[in-house]
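Right, one structure below, let's go through it.
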Amino acid sequence: MTTERMTTAQALVKFLNHQYVEVDGNETKFIKGIFTIFGHGNVVGLGQALEQDAGELEVYQGRNEQGMANAAMAFAKQKHRKQIMACTSSVGPGSANMVTTAATASANNIPILLLPGDVFATRQPDPVLQQIEQTHDLSISTNDAFRAVSKYWDRVNRPEQLMTAMINAMRVLTNPADTGAVTISLPQDVQGEAFDFPSYFFKKRVHRMERRLPTRESVRDAVRLIQSKKKPIIICGGGVRYSEAAAQLKAFSEAFHIPFGETQAGKSVVESDFFYNLGGVGVTGNLAANSIAREADLVIGIGTRFTDFTTGSKELFQHPAVEFLTLNISEFHANKLDAVKVVADAKEALRTLTAELTQSGYQSGYGTEIAEAKRKWQAELERLHHVRYEEEAFVPEVSGQLDDVLSEYKEALGTSLTQTSVIGQVNHLLDEDAIIVGAAGSLPGDLQRMWTSRTPNTYHMEYGYSCMGYEIAGAFGAKLAEPDKEVYAMVGDGSYQMLHSELVTSLQEKKKINVLLFDNSGFGCINNLQMGNGMGSFGTEFRYRNEQSNKLDGEILRINFAQSAAGYGVKTYEAQTLEELRFALEDAKKQDVSTLIDIKVLPKTMTSGYDSWWHVGVAEVSENGKTQEAFEEKKAHLTKARLY
Ligand SMILES: Cc1ncc(C[n+]2csc(CCOP(=O)(O)OP(=O)(O)O)c2C)c(N)n1
Ligand SMILES: O=C1C[C@@H](O)[C@H](O)[C@@H](O)C1=O
Ligand SMILES: [Mg+2]
């Protein structure tokens, strides 16, 4: 047996350089690069190995561990999970900062390899700087927090453990049914320890991402179920996108005259103007998809996790005889809602099902309903694009909540722009193949409803975890994945303030991203949620502390985000009118550096409603009559919802 004497960290870097995936006969290098923030927990171990010989790994410098890991996750998402990035952090706070992204990646089933430094395996210097000493258990460290949010977790306490750890890491990272965050904790002493690694550990490994075929029996069950139904609706989830099954989905819906709604992860798999594409479905769905879903007697979920947003907390589907069919690579997700299930790759399942159903001569019973529902939604969309603020008698989309202070916002932010009209302009003016990236706030809802995708795979939304602060790092990660396209972060002022550090990394790497910042001076969607459920406006508007009341109900905060980003070297614009917005969008396209448009919008001018319900934990007992009413309303909805 030939061996190579190297440190654990050197062996890890060499191993990462030899991993490939094969999909449909195409081979790709699996790990494109590694994001780093060095500290004592990784610099002289993994840092040394990367300095000495990083191989073909591109080494990036992050600004915030959560931010860099978000960028890595977005890269993998935009690459449809066929290529990934690794991330290394120091010990303690550096690794803790990545826990949020681990959760985000796992919730979204996106592969990401996290390599946090860890406390000494020998325990000799304990407590090392940044070590928490848990008196009830000295074997745990900050990195154990990753266990709850990783799909695979391991700690390399001896150099030779690296081999099984990494082979298992690759098993999970390349498993389409159950991928997500993989965390390999690397005690800082072990990173530098040498071992005679066998050469076979470093051989080229090609991980075939196989397309699981459906069984004959499951397809037979599916065909029988579909044949018994007249008004099916398909829910197109992220699994369709990662399986690259757009053509098969289109063929299936055309052949049998079955429309589909899109989840956040499934949006833009197919262009919006495809006849059978109804657009976003669920809590943040549009009128067309939700009205068809409400009356459907069969819901065919393809590659979807059926989250509460997709099912309207299981209240959306109201046909008395509604049943569920799932096509999913994950047995766990396929099993939801008591569905008849086809556990298989989406592309393969659709191919087989199309062939079998064709033989039966099946056609759905839809007449003009699909065209009619789409026509009505188009008219509503037009209206939303043209909502303009008027001083007198203006009724915002979310009305009856902050009506009396809208003019104060107009003054403070110097704007009368409505959010829906801004989205209309942006959708109109961006290049057809531009990618938009988002995650949290009111924008994901507006965009799932309103965004018209003209080119496939241009809508990139992280809504499995809806993690504020993903947007800008995510845009940077998407740009690394698709450097030839313009990428736009769609971000609220709350999310922007939470985390935008990787904007600087985009400048450093000369990878231009564009930030469209919607400033309504508040956590707008949460303000809608609380007030919509009987509360007052509490802790969600950005207002100064008022010395009289000692509450946060003073004047509205005014922040010039454009000025602050200009300090980084970003090309910035301020938009308080549609003309300024149009100019900025066009001029931003001409720039080579990252850009930011500080768009001031009025609160309460985002979209709302469209026949859906979201189950939240409204107070059962309160001193406020409105909250009491909201609780009664919730109870009424619950009587119409499935219980599991
Ligand atoms: C990390 C994180 N913390 C908290 C939340 C809960 N949350 C969801 S949206 C939101 C406010 C978002 O405000 P902003 O970005 O300004 O968007 P707006 O709703 O005003 O459009 C909050 C606090 C979250 N999704 N993620
Ligand atoms: O609590 C939330 C409410 C949603 O409206 C929002 O989009 C999401 O970010 C969230 O966390
Ligand atoms: Mg806001």
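In the structure tokens, chains take the letters A, B, ... in the order shown, each chain's residues start at 1, and ligands count up from 1 in the order shown.
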
Expected answer as a list in words: residues within 8 Å of ligand 2, only C-alpha atoms and all ligand atoms:
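The residues near ligand 2 are Ala439, Ala440, Gly441, Ser442, Leu443, Pro444, Gly445, Tyr463, Tyr465, Ser466, Cys467, Met468, Cys525, Ile526 and Leu529 of chain A.
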
Set out as JSON lines a contact list for chain A and ligand 3 with a cut-off of 12 Å, giving each residue of chain A that qualifies its closest atom pair and distance in Å to one decimal, counting only C-alpha atoms and all ligand atoms, ordered by chain and rising residue number.
{"residue": "A:Gln419", "atom": "CA", "partner": "ligand 3", "partner_atom_place_in_ligand_line": "1 (Mg)", "distance": 10.8}
{"residue": "A:Ala440", "atom": "CA", "partner": "ligand 3", "partner_atom_place_in_ligand_line": "1 (Mg)", "distance": 10.0}
{"residue": "A:Gly441", "atom": "CA", "partner": "ligand 3", "partner_atom_place_in_ligand_line": "1 (Mg)", "distance": 7.1}
{"residue": "A:Ser442", "atom": "CA", "partner": "ligand 3", "partner_atom_place_in_ligand_line": "1 (Mg)", "distance": 7.8}
{"residue": "A:Leu443", "atom": "CA", "partner": "ligand 3", "partner_atom_place_in_ligand_line": "1 (Mg)", "distance": 9.3}
{"residue": "A:Met468", "atom": "CA", "partner": "ligand 3", "partner_atom_place_in_ligand_line": "1 (Mg)", "distance": 11.1}
{"residue": "A:Met490", "atom": "CA", "partner": "ligand 3", "partner_atom_place_in_ligand_line": "1 (Mg)", "distance": 11.6}
{"residue": "A:Val491", "atom": "CA", "partner": "ligand 3", "partner_atom_place_in_ligand_line": "1 (Mg)", "distance": 8.5}
{"residue": "A:Gly492", "atom": "CA", "partner": "ligand 3", "partner_atom_place_in_ligand_line": "1 (Mg)", "distance": 4.7}
{"residue": "A:Asp493", "atom": "CA", "partner": "ligand 3", "partner_atom_place_in_ligand_line": "1 (Mg)", "distance": 4.6}
{"residue": "A:Gly494", "atom": "CA", "partner": "ligand 3", "partner_atom_place_in_ligand_line": "1 (Mg)", "distance": 5.0}
{"residue": "A:Ser495", "atom": "CA", "partner": "ligand 3", "partner_atom_place_in_ligand_line": "1 (Mg)", "distance": 7.6}
{"residue": "A:Tyr496", "atom": "CA", "partner": "ligand 3", "partner_atom_place_in_ligand_line": "1 (Mg)", "distance": 9.0}
{"residue": "A:Gln497", "atom": "CA", "partner": "ligand 3", "partner_atom_place_in_ligand_line": "1 (Mg)", "distance": 9.8}
{"residue": "A:Met498", "atom": "CA", "partner": "ligand 3", "partner_atom_place_in_ligand_line": "1 (Mg)", "distance": 11.3}
{"residue": "A:Leu517", "atom": "CA", "partner": "ligand 3", "partner_atom_place_in_ligand_line": "1 (Mg)", "distance": 9.1}
{"residue": "A:Phe518", "atom": "CA", "partner": "ligand 3", "partner_atom_place_in_ligand_line": "1 (Mg)", "distance": 6.7}
{"residue": "A:Asp519", "atom": "CA", "partner": "ligand 3", "partner_atom_place_in_ligand_line": "1 (Mg)", "distance": 5.5}
{"residue": "A:Asn520", "atom": "CA", "partner": "ligand 3", "partner_atom_place_in_ligand_line": "1 (Mg)", "distance": 4.6}
{"residue": "A:Ser521", "atom": "CA", "partner": "ligand 3", "partner_atom_place_in_ligand_line": "1 (Mg)", "distance": 5.3}
{"residue": "A:Gly522", "atom": "CA", "partner": "ligand 3", "partner_atom_place_in_ligand_line": "1 (Mg)", "distance": 4.1}
{"residue": "A:Phe523", "atom": "CA", "partner": "ligand 3", "partner_atom_place_in_ligand_line": "1 (Mg)", "distance": 4.5}
{"residue": "A:Gly524", "atom": "CA", "partner": "ligand 3", "partner_atom_place_in_ligand_line": "1 (Mg)", "distance": 4.8}
{"residue": "A:Cys525", "atom": "CA", "partner": "ligand 3", "partner_atom_place_in_ligand_line": "1 (Mg)", "distance": 7.6}
{"residue": "A:Ile526", "atom": "CA", "partner": "ligand 3", "partner_atom_place_in_ligand_line": "1 (Mg)", "distance": 9.2}
{"residue": "A:Asn527", "atom": "CA", "partner": "ligand 3", "partner_atom_place_in_ligand_line": "1 (Mg)", "distance": 9.5}
{"residue": "A:Asn528", "atom": "CA", "partner": "ligand 3", "partner_atom_place_in_ligand_line": "1 (Mg)", "distance": 11.1}
{"residue": "A:Thr540", "atom": "CA", "partner": "ligand 3", "partner_atom_place_in_ligand_line": "1 (Mg)", "distance": 9.0}
{"residue": "A:Glu541", "atom": "CA", "partner": "ligand 3", "partner_atom_place_in_ligand_line": "1 (Mg)", "distance": 8.3}
{"residue": "A:Phe542", "atom": "CA", "partner": "ligand 3", "partner_atom_place_in_ligand_line": "1 (Mg)", "distance": 8.6}
{"residue": "A:Leu557", "atom": "CA", "partner": "ligand 3", "partner_atom_place_in_ligand_line": "1 (Mg)", "distance": 11.6}
{"residue": "A:Ile559", "atom": "CA", "partner": "ligand 3", "partner_atom_place_in_ligand_line": "1 (Mg)", "distance": 11.9}
{"residue": "A:Ile599", "atom": "CA", "partner": "ligand 3", "partner_atom_place_in_ligand_line": "1 (Mg)", "distance": 11.0}
{"residue": "A:Lys600", "atom": "CA", "partner": "ligand 3", "partner_atom_place_in_ligand_line": "1 (Mg)", "distance": 9.8}
{"residue": "A:Val601", "atom": "CA", "partner": "ligand 3", "partner_atom_place_in_ligand_line": "1 (Mg)", "distance": 8.9}
{"residue": "A:Leu602", "atom": "CA", "partner": "ligand 3", "partner_atom_place_in_ligand_line": "1 (Mg)", "distance": 9.6}
{"residue": "A:Pro603", "atom": "CA", "partner": "ligand 3", "partner_atom_place_in_ligand_line": "1 (Mg)", "distance": 7.8}
{"residue": "A:Lys604", "atom": "CA", "partner": "ligand 3", "partner_atom_place_in_ligand_line": "1 (Mg)", "distance": 10.2}
{"residue": "A:Thr605", "atom": "CA", "partner": "ligand 3", "partner_atom_place_in_ligand_line": "1 (Mg)", "distance": 11.4}
{"residue": "A:Met606", "atom": "CA", "partner": "ligand 3", "partner_atom_place_in_ligand_line": "1 (Mg)", "distance": 10.7}

Report, in Å to a single decimal, how far apart atom CA of A:Cys236 and atom CA of A:Phe260 are.
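Here the two named atoms are 6.5 Å from each other.
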
Atomic separation - atom CA of A:Gln188 relative to atom CA of A:Leu50, Å
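So the answer is 14.8 Å.
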
Stretch 34-181 of chain A: which residues are alpha helix (DSSP H) by DSSP, as a short mmCIF file (atom, residue, chain, number, x, y, z; two decimals) with all heavy atoms, in the first residue's frame?
data_model
loop_
_atom_site.label_atom_id
_atom_site.label_comp_id
_atom_site.auth_asym_id
_atom_site.auth_seq_id
_atom_site.Cartn_x
_atom_site.Cartn_y
_atom_site.Cartn_z
N GLN A 48 -3.04 26.73 6.40
CA GLN A 48 -1.71 26.31 5.91
C GLN A 48 -1.85 25.38 4.71
O GLN A 48 -1.14 25.52 3.71
CB GLN A 48 -0.94 25.61 7.06
CG GLN A 48 0.51 25.27 6.75
CD GLN A 48 0.70 24.00 5.92
OE1 GLN A 48 -0.15 23.11 5.93
NE2 GLN A 48 1.81 23.95 5.18
N ALA A 49 -2.77 24.44 4.81
CA ALA A 49 -2.94 23.47 3.72
C ALA A 49 -3.36 24.18 2.43
O ALA A 49 -2.86 23.87 1.34
CB ALA A 49 -3.99 22.43 4.11
N LEU A 50 -4.25 25.17 2.56
CA LEU A 50 -4.73 25.88 1.36
C LEU A 50 -3.62 26.76 0.78
O LEU A 50 -3.49 26.91 -0.44
CB LEU A 50 -5.96 26.72 1.71
CG LEU A 50 -7.26 25.92 1.96
CD1 LEU A 50 -8.33 26.80 2.60
CD2 LEU A 50 -7.79 25.32 0.65
N GLU A 51 -2.81 27.35 1.68
CA GLU A 51 -1.72 28.19 1.19
C GLU A 51 -0.70 27.35 0.43
O GLU A 51 -0.23 27.71 -0.65
CB GLU A 51 -1.02 28.90 2.36
CG GLU A 51 0.06 29.86 1.87
CD GLU A 51 1.06 30.26 2.96
OE1 GLU A 51 1.27 29.46 3.90
OE2 GLU A 51 1.62 31.36 2.84
N GLN A 52 -0.42 26.18 0.99
CA GLN A 52 0.60 25.30 0.38
C GLN A 52 0.15 24.75 -0.96
O GLN A 52 0.88 24.78 -1.94
CB GLN A 52 0.88 24.15 1.35
CG GLN A 52 1.94 23.17 0.87
CD GLN A 52 2.28 22.20 1.99
OE1 GLN A 52 2.86 22.60 3.00
NE2 GLN A 52 1.95 20.94 1.81
N GLU A 65 -19.32 34.99 8.49
CA GLU A 65 -19.41 33.55 8.20
C GLU A 65 -20.79 33.16 7.69
O GLU A 65 -20.93 32.31 6.83
CB GLU A 65 -19.04 32.71 9.43
CG GLU A 65 -17.57 32.77 9.82
CD GLU A 65 -17.24 33.95 10.72
OE1 GLU A 65 -18.12 34.79 10.98
OE2 GLU A 65 -16.06 34.03 11.16
N GLN A 66 -21.83 33.77 8.27
CA GLN A 66 -23.18 33.46 7.77
C GLN A 66 -23.33 33.94 6.33
O GLN A 66 -23.87 33.24 5.47
CB GLN A 66 -24.26 34.10 8.65
CG GLN A 66 -25.66 33.71 8.23
CD GLN A 66 -26.76 34.42 9.00
OE1 GLN A 66 -27.82 34.71 8.46
NE2 GLN A 66 -26.55 34.72 10.27
N GLY A 67 -22.80 35.14 6.09
CA GLY A 67 -22.90 35.70 4.73
C GLY A 67 -22.18 34.83 3.72
O GLY A 67 -22.72 34.49 2.66
N MET A 68 -20.94 34.44 4.04
CA MET A 68 -20.18 33.65 3.05
C MET A 68 -20.85 32.30 2.82
O MET A 68 -20.88 31.78 1.70
CB MET A 68 -18.71 33.50 3.46
CG MET A 68 -18.45 32.53 4.58
SD MET A 68 -16.68 32.44 5.00
CE MET A 68 -16.71 31.10 6.21
N ALA A 69 -21.40 31.73 3.90
CA ALA A 69 -22.05 30.42 3.76
C ALA A 69 -23.35 30.56 2.96
O ALA A 69 -23.70 29.68 2.17
CB ALA A 69 -22.31 29.81 5.13
N ASN A 70 -24.04 31.70 3.14
CA ASN A 70 -25.23 31.95 2.31
C ASN A 70 -24.83 32.02 0.83
O ASN A 70 -25.56 31.53 -0.04
CB ASN A 70 -25.89 33.28 2.69
CG ASN A 70 -26.67 33.20 3.98
OD1 ASN A 70 -26.96 32.12 4.47
ND2 ASN A 70 -27.02 34.35 4.54
N ALA A 71 -23.71 32.66 0.57
CA ALA A 71 -23.25 32.76 -0.83
C ALA A 71 -22.95 31.36 -1.37
O ALA A 71 -23.30 31.03 -2.52
CB ALA A 71 -22.01 33.65 -0.92
N ALA A 72 -22.32 30.54 -0.54
CA ALA A 72 -22.00 29.17 -0.97
C ALA A 72 -23.29 28.40 -1.26
O ALA A 72 -23.40 27.67 -2.24
CB ALA A 72 -21.19 28.46 0.11
N MET A 73 -24.28 28.60 -0.40
CA MET A 73 -25.55 27.89 -0.59
C MET A 73 -26.23 28.35 -1.88
O MET A 73 -26.74 27.54 -2.66
CB MET A 73 -26.46 28.15 0.61
CG MET A 73 -27.82 27.56 0.41
SD MET A 73 -28.97 28.03 1.70
CE MET A 73 -30.49 27.85 0.76
N ALA A 74 -26.23 29.66 -2.10
CA ALA A 74 -26.89 30.19 -3.31
C ALA A 74 -26.19 29.68 -4.57
O ALA A 74 -26.83 29.40 -5.58
CB ALA A 74 -26.87 31.71 -3.28
N PHE A 75 -24.87 29.56 -4.49
CA PHE A 75 -24.11 29.02 -5.62
C PHE A 75 -24.63 27.62 -5.97
O PHE A 75 -24.96 27.32 -7.12
CB PHE A 75 -22.62 28.98 -5.26
CG PHE A 75 -21.76 28.31 -6.30
CD1 PHE A 75 -21.28 29.03 -7.38
CD2 PHE A 75 -21.44 26.96 -6.20
CE1 PHE A 75 -20.49 28.41 -8.35
CE2 PHE A 75 -20.66 26.34 -7.15
CZ PHE A 75 -20.18 27.06 -8.25
N ALA A 76 -24.75 26.77 -4.94
CA ALA A 76 -25.19 25.39 -5.17
C ALA A 76 -26.63 25.35 -5.67
O ALA A 76 -26.99 24.54 -6.52
CB ALA A 76 -25.04 24.58 -3.89
N LYS A 77 -27.46 26.24 -5.14
CA LYS A 77 -28.87 26.27 -5.57
C LYS A 77 -28.95 26.68 -7.05
O LYS A 77 -29.66 26.06 -7.83
CB LYS A 77 -29.65 27.26 -4.69
CG LYS A 77 -31.14 27.38 -5.01
CD LYS A 77 -31.83 28.22 -3.93
CE LYS A 77 -33.18 28.76 -4.38
NZ LYS A 77 -34.26 27.77 -4.39
N GLN A 78 -28.20 27.70 -7.40
CA GLN A 78 -28.25 28.17 -8.79
C GLN A 78 -27.64 27.14 -9.74
O GLN A 78 -28.01 27.07 -10.91
CB GLN A 78 -27.54 29.53 -8.91
CG GLN A 78 -27.86 30.30 -10.17
CD GLN A 78 -29.34 30.68 -10.31
OE1 GLN A 78 -30.04 30.88 -9.32
NE2 GLN A 78 -29.83 30.74 -11.55
N PRO A 93 -17.27 31.69 17.92
CA PRO A 93 -18.22 32.58 17.26
C PRO A 93 -18.19 32.45 15.74
O PRO A 93 -19.23 32.59 15.08
CB PRO A 93 -17.76 33.99 17.70
CG PRO A 93 -16.36 33.82 18.19
CD PRO A 93 -16.27 32.42 18.71
N GLY A 94 -17.02 32.19 15.20
CA GLY A 94 -16.92 32.03 13.74
C GLY A 94 -17.76 30.86 13.27
O GLY A 94 -18.51 30.95 12.29
N SER A 95 -17.67 29.75 14.00
CA SER A 95 -18.49 28.61 13.57
C SER A 95 -19.95 28.85 13.91
O SER A 95 -20.83 28.55 13.10
CB SER A 95 -17.98 27.29 14.13
OG SER A 95 -17.40 27.43 15.37
N ALA A 96 -20.22 29.44 15.07
CA ALA A 96 -21.63 29.69 15.44
C ALA A 96 -22.32 30.53 14.36
O ALA A 96 -23.50 30.33 14.08
CB ALA A 96 -21.71 30.40 16.78
N ASN A 97 -21.58 31.43 13.75
CA ASN A 97 -22.18 32.27 12.69
C ASN A 97 -22.67 31.44 11.50
O ASN A 97 -23.48 31.92 10.72
CB ASN A 97 -21.16 33.30 12.19
CG ASN A 97 -21.16 34.55 13.04
OD1 ASN A 97 -22.01 34.71 13.91
ND2 ASN A 97 -20.21 35.45 12.79
N MET A 98 -22.14 30.24 11.34
CA MET A 98 -22.57 29.43 10.18
C MET A 98 -23.76 28.54 10.50
O MET A 98 -24.31 27.90 9.60
CB MET A 98 -21.42 28.56 9.66
CG MET A 98 -20.23 29.35 9.13
SD MET A 98 -19.17 28.39 8.03
CE MET A 98 -18.52 27.13 9.11
N VAL A 99 -24.15 28.47 11.79
CA VAL A 99 -25.24 27.56 12.16
C VAL A 99 -26.53 27.94 11.41
O VAL A 99 -27.27 27.09 10.91
CB VAL A 99 -25.47 27.55 13.69
CG1 VAL A 99 -26.71 26.77 14.06
CG2 VAL A 99 -24.25 26.96 14.39
N THR A 100 -26.78 29.25 11.31
CA THR A 100 -28.00 29.70 10.63
C THR A 100 -28.03 29.25 9.17
O THR A 100 -29.06 28.81 8.66
CB THR A 100 -28.10 31.25 10.71
OG1 THR A 100 -27.97 31.63 12.07
CG2 THR A 100 -29.41 31.76 10.16
N THR A 101 -26.88 29.33 8.51
CA THR A 101 -26.88 28.89 7.11
C THR A 101 -27.02 27.38 7.00
O THR A 101 -27.66 26.88 6.06
CB THR A 101 -25.59 29.34 6.39
OG1 THR A 101 -25.43 30.73 6.59
CG2 THR A 101 -25.65 29.02 4.91
N ALA A 102 -26.43 26.66 7.96
CA ALA A 102 -26.61 25.20 7.93
C ALA A 102 -28.10 24.88 7.94
O ALA A 102 -28.59 24.05 7.16
CB ALA A 102 -25.91 24.56 9.12
N ALA A 103 -28.82 25.57 8.80
CA ALA A 103 -30.27 25.34 8.89
C ALA A 103 -30.95 25.74 7.59
O ALA A 103 -31.84 25.04 7.09
CB ALA A 103 -30.83 26.14 10.05
N THR A 104 -30.54 26.86 7.03
CA THR A 104 -31.16 27.35 5.79
C THR A 104 -30.94 26.35 4.66
O THR A 104 -31.87 26.01 3.92
CB THR A 104 -30.56 28.72 5.41
OG1 THR A 104 -30.65 29.59 6.55
CG2 THR A 104 -31.30 29.36 4.26
N ALA A 105 -29.73 25.84 4.57
CA ALA A 105 -29.42 24.88 3.51
C ALA A 105 -30.17 23.57 3.72
O ALA A 105 -30.72 22.99 2.77
CB ALA A 105 -27.91 24.63 3.45
N SER A 106 -30.24 23.11 4.96
CA SER A 106 -30.93 21.85 5.22
C SER A 106 -32.43 21.98 4.96
O SER A 106 -33.05 21.07 4.41
CB SER A 106 -30.66 21.37 6.65
OG SER A 106 -29.31 20.98 6.77
N ALA A 107 -33.01 23.10 5.37
CA ALA A 107 -34.46 23.28 5.13
C ALA A 107 -34.76 23.29 3.64
O ALA A 107 -35.81 22.82 3.20
CB ALA A 107 -34.93 24.59 5.76
N ASN A 108 -33.83 23.81 2.85
CA ASN A 108 -34.04 23.92 1.41
C ASN A 108 -33.49 22.75 0.61
O ASN A 108 -33.52 22.76 -0.62
CB ASN A 108 -33.38 25.21 0.88
CG ASN A 108 -34.16 26.46 1.24
OD1 ASN A 108 -35.12 26.82 0.57
ND2 ASN A 108 -33.77 27.11 2.32
N GLN A 161 -9.71 9.46 11.11
CA GLN A 161 -11.19 9.55 11.03
C GLN A 161 -11.64 10.39 9.84
O GLN A 161 -12.79 10.31 9.41
CB GLN A 161 -11.75 10.18 12.32
CG GLN A 161 -11.70 9.28 13.52
CD GLN A 161 -12.22 9.99 14.77
OE1 GLN A 161 -12.44 11.19 14.77
NE2 GLN A 161 -12.37 9.23 15.84
N LEU A 162 -10.73 11.20 9.32
CA LEU A 162 -11.09 12.05 8.18
C LEU A 162 -11.67 11.22 7.03
O LEU A 162 -12.58 11.66 6.33
CB LEU A 162 -9.86 12.82 7.69
CG LEU A 162 -10.11 13.75 6.50
CD1 LEU A 162 -10.88 14.99 6.95
CD2 LEU A 162 -8.80 14.19 5.84
N MET A 163 -11.12 10.02 6.86
CA MET A 163 -11.49 9.23 5.67
C MET A 163 -12.97 8.83 5.71
O MET A 163 -13.71 9.08 4.75
CB MET A 163 -10.55 8.03 5.55
CG MET A 163 -9.11 8.49 5.30
SD MET A 163 -7.92 7.18 5.14
CE MET A 163 -7.64 6.71 6.84
N THR A 164 -13.42 8.24 6.81
CA THR A 164 -14.85 7.87 6.85
C THR A 164 -15.72 9.11 6.92
O THR A 164 -16.82 9.13 6.35
CB THR A 164 -15.16 6.94 8.05
OG1 THR A 164 -14.60 7.52 9.22
CG2 THR A 164 -14.65 5.54 7.82
N ALA A 165 -15.23 10.13 7.60
CA ALA A 165 -16.04 11.36 7.69
C ALA A 165 -16.31 11.92 6.30
O ALA A 165 -17.44 12.27 5.95
CB ALA A 165 -15.32 12.39 8.55
N MET A 166 -15.27 12.00 5.47
CA MET A 166 -15.44 12.64 4.16
C MET A 166 -16.21 11.76 3.18
O MET A 166 -16.95 12.26 2.33
CB MET A 166 -14.07 13.03 3.57
CG MET A 166 -13.39 14.16 4.31
SD MET A 166 -14.50 15.54 4.76
CE MET A 166 -15.00 16.12 3.15
N ILE A 167 -16.03 10.46 3.30
CA ILE A 167 -16.78 9.57 2.40
C ILE A 167 -18.27 9.67 2.72
O ILE A 167 -19.12 9.73 1.82
CB ILE A 167 -16.19 8.15 2.45
CG1 ILE A 167 -14.92 8.18 1.59
CG2 ILE A 167 -17.18 7.10 1.94
CD1 ILE A 167 -13.96 7.07 1.81
N ASN A 168 -18.60 9.77 3.99
CA ASN A 168 -20.01 9.97 4.36
C ASN A 168 -20.50 11.36 4.00
O ASN A 168 -21.66 11.54 3.62
CB ASN A 168 -20.21 9.68 5.85
CG ASN A 168 -20.36 8.20 6.08
OD1 ASN A 168 -21.38 7.62 5.70
ND2 ASN A 168 -19.35 7.57 6.63
N ALA A 169 -19.62 12.33 4.11
CA ALA A 169 -19.99 13.69 3.71
C ALA A 169 -20.41 13.70 2.24
O ALA A 169 -21.45 14.26 1.87
CB ALA A 169 -18.83 14.64 3.93
N MET A 170 -19.63 13.04 1.41
CA MET A 170 -19.94 13.01 -0.02
C MET A 170 -21.23 12.24 -0.30
O MET A 170 -22.01 12.61 -1.18
CB MET A 170 -18.78 12.38 -0.80
CG MET A 170 -17.53 13.24 -0.86
SD MET A 170 -17.85 14.89 -1.51
CE MET A 170 -18.49 14.50 -3.13
N ARG A 171 -21.46 11.17 0.46
CA ARG A 171 -22.70 10.40 0.30
C ARG A 171 -23.92 11.31 0.47
O ARG A 171 -24.86 11.29 -0.33
CB ARG A 171 -22.73 9.27 1.34
CG ARG A 171 -24.06 8.54 1.46
CD ARG A 171 -23.98 7.42 2.50
NE ARG A 171 -23.71 7.88 3.86
CZ ARG A 171 -24.60 8.43 4.69
NH1 ARG A 171 -25.85 8.59 4.29
NH2 ARG A 171 -24.26 8.81 5.91
N VAL A 172 -23.88 12.15 1.49
CA VAL A 172 -25.04 12.99 1.79
C VAL A 172 -25.11 14.18 0.82
O VAL A 172 -26.18 14.53 0.32
CB VAL A 172 -25.01 13.44 3.26
CG1 VAL A 172 -26.13 14.42 3.56
CG2 VAL A 172 -25.10 12.22 4.17
N LEU A 173 -23.97 14.79 0.54
CA LEU A 173 -23.98 15.97 -0.34
C LEU A 173 -24.53 15.64 -1.73
O LEU A 173 -25.13 16.48 -2.39
CB LEU A 173 -22.56 16.54 -0.46
CG LEU A 173 -22.01 17.24 0.79
CD1 LEU A 173 -20.50 17.46 0.67
CD2 LEU A 173 -22.72 18.57 1.03
#

Nearest-residue call for A:Gln248, choices A:Glu348, A:Glu411, A:Glu193, A:Asp221, using only C-alpha atoms
A:Glu348

For the atom pair atom CA of A:Val269 and atom CA of A:Arg241, what is the interatomic distance in Å to one decimal place?
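Taking atom CA of A:Val269 and atom CA of A:Arg241, their separation equals 5.6 Å.
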